[in-house]
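The structure appears right after this line, and notes come after that.
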Amino acid sequence: MKAAVYRKGKGLVIEEVPTPEAGADGVLVKVSDTGFCGSDHSLIESGLLPDGLILGHEASGVVFDRGRQKNAFAEGTRVILRPTFCGQCRECRRGKPHLCGEKRRSIGVGDLPGGFAEYVKAFPPMLIPIPPAVDSRNAALAEAFASALHGIHCAEIEGGSALVMGGGPIGLAAVRMLKILGFNPVVLSEPVGKKRDLGKRWGADFVLDPLKEDISRQGREWTGGIGFETILECSGVSDNVPLAFTLAAKGGTICIVSMFKGLAVNQPMALNFREPRLTWSYSNTHEENIQCLAWMAEGKIDARDMITDLIPLEELPRVYRERIHPGKAIKVMLKIGEEF
């Protein structure tokens, strides 16, 4: 089968590799579409990936061979794939199965080859069925929306004003999630005009360019001087965190959904008087993916609006160099197999 393989010193390379087998413990999924995630870019640029790894975790497809798994979904079932968990360890017992420390298995960013390939091997607990009304491109992006939803859940605030810092795929998904959940006003801070435009279409009440506009002044205006009750940092710009402390309402929450190196808190005494809460978000749960798929089926989410580049698998190395790495694409979607 064809796959985009990471090779040290070369980056992504299209190769012919052996097609995996379901084996005694797995199922084989034929990939339809796979989204290119920002974490894929970060991993490639880190230089820490093992040679020969196949990335890609935002995948939709069809069960091709369920092997010996009598309780697995039937062949032909349309699915997305999420990590496994044990259900028994400390993290699972605390309601955080996505942080499972015992039996977490995942494709693309874990121990299994990922969805930048024509087929992937998975395990039955990884499969989530796709509702009939949801197409393969939307389904492949359910994980991105689930990550945004998880960040909102980590903030633990229901409703009120919200600021999203950064309009990449997760930030844009967060705007849509916040509006579905009834937050108001929802503000998107993003320097790229096309991303602000999409944020507006997805429900943002206000958008602004932080490089040209005074977010502190406008934030006070939009929140009646109170500040934002929820702030989701989705840009990966570490300087946004100290800024977020000044923009948050008293007792508000700042959730770091992005990943970056280094964090400085330069006004600790001011924070004592205002008691903001700082938390982080990682990945998402099966339930959050199922919820996003349901909202897609109901027409509340159409993730296809964020796809700027729809390409065959063979074009990924070139598009990575020309579009992804320079930051010119919002979301690249690989059309790998038969879509639905």
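We name chains A, B, ... following the order of the structure tokens; residues begin at 1 in each chain, and ligands are numbered from 1 as shown.
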Check your understanding: So which bits of segment 36-163 of chain A end up helix (DSSP H, G or I) when you DSSP the backbone, as a PyMOL selection string?
Key -> chain A and resi 38-46+90-93+97-99+124-126+136-140+142-155
Practice item. Pick out the residues sitting within 8 Å of segment 136-143 of chain A, and hand them over as a VMD selection string; count only C-alpha atoms, and ignore anything fewer than 2 positions along from it in its own chain. Key: chain A and resid 32 to 35 58 to 61 80 130 134 145 to 147 284 289 292 to 293 296 302 to 304 333 339 to 340
**Study point:** Residues of segment 174-222 of chain A in strand (DSSP E or B), written as a PyMOL selection string
**Key:** chain A and resi 186-189+206-208
Contacts of Ser189 of chain A within 7 Å, only C-alpha atoms, excl. fewer than 3 positions in-chain, as a JSON list (two decimals) with N, CA and C atoms, in the first residue's frame:
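Done, and the output landed in result_33.json:
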```json
[["chain", "number", "residue", "atom", "x", "y", "z"],
["A", 164, "VAL", "N", -11.32, 33.38, 22.20],
["A", 164, "VAL", "CA", -10.48, 32.36, 21.58],
["A", 164, "VAL", "C", -9.27, 33.07, 21.00],
["A", 165, "MET", "N", -8.09, 32.71, 21.46],
["A", 165, "MET", "CA", -6.85, 33.32, 20.98],
["A", 165, "MET", "C", -6.20, 32.39, 19.97],
["A", 166, "GLY", "N", -6.32, 32.73, 18.69],
["A", 166, "GLY", "CA", -5.76, 31.91, 17.63],
["A", 166, "GLY", "C", -6.84, 31.22, 16.82],
["A", 207, "VAL", "N", -14.64, 39.71, 15.96],
["A", 207, "VAL", "CA", -13.31, 39.23, 15.59],
["A", 207, "VAL", "C", -12.39, 40.44, 15.56],
["A", 208, "LEU", "N", -11.10, 40.21, 15.81],
["A", 208, "LEU", "CA", -10.15, 41.31, 15.74],
["A", 208, "LEU", "C", -8.77, 40.80, 15.37],
["A", 209, "ASP", "N", -7.98, 41.70, 14.83],
["A", 209, "ASP", "CA", -6.58, 41.44, 14.50],
["A", 209, "ASP", "C", -5.74, 41.93, 15.67],
["A", 210, "PRO", "N", -5.13, 41.03, 16.46],
["A", 210, "PRO", "CA", -4.39, 41.46, 17.65],
["A", 210, "PRO", "C", -3.12, 42.25, 17.32]]
```
Exercise for review: Enter the distance from atom CA of Gly168 of chain A to atom CA of Ile307 of chain A, in Å, rounded to one decimal.
Suggested key: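 Atom-to-atom, atom CA of Gly168 of chain A and atom CA of Ile307 of chain A are spaced 11.3 Å apart.
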Exercise for review: Can you pull out every residue within 9 Å of Val109 of chain A, counting only C-alpha atoms, but drop anything in the same chain fewer than 2 positions away, and send it as number ranges by chain?
Suggested key: A: 39-40, 43, 54-57, 106-107, 111-114
Using C-alpha atoms, can you export the residues from the last selection as a PDB file, in the first residue's frame?
```
ATOM      1  CA  SER A  39       0.530  18.327  16.059  1.00  0.00           C
ATOM      2  CA  ASP A  40       1.720  16.381  12.999  1.00  0.00           C
ATOM      3  CA  LEU A  43       6.241  16.318  15.573  1.00  0.00           C
ATOM      4  CA  ILE A  54       3.518   6.868   9.618  1.00  0.00           C
ATOM      5  CA  LEU A  55       1.657   9.837  11.117  1.00  0.00           C
ATOM      6  CA  GLY A  56      -2.025  10.801  10.825  1.00  0.00           C
ATOM      7  CA  HIS A  57      -4.725  10.476  13.488  1.00  0.00           C
ATOM      8  CA  SER A 106      -3.393   5.063  19.293  1.00  0.00           C
ATOM      9  CA  ILE A 107      -2.680   5.538  15.608  1.00  0.00           C
ATOM     10  CA  ASP A 111       2.399   3.087  19.012  1.00  0.00           C
ATOM     11  CA  LEU A 112       0.501   2.243  15.815  1.00  0.00           C
ATOM     12  CA  PRO A 113       1.061   3.475  12.235  1.00  0.00           C
ATOM     13  CA  GLY A 114      -1.358   6.218  11.331  1.00  0.00           C
TER      14      GLY A 114
END
```
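In terms of minimum interatomic distance to Phe85 of chain A, A:Phe123 ranks closest within A:Phe206, A:Gly108, A:Glu221, A:Phe123, counting only C-alpha atoms.
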Review point. Pick the closest to Ile290 of chain A from A:Arg82, A:Arg68, A:Ser42, A:Leu243: which is it, counting only C-alpha atoms?
Key: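 Nearest to Ile290 of chain A: A:Arg82.
Each of A:Leu271, A:Met1, A:Ile157, A:Ala173 was checked against Phe228 of chain A using only C-alpha atoms; the smallest atom-to-atom distance is that of A:Ile157.
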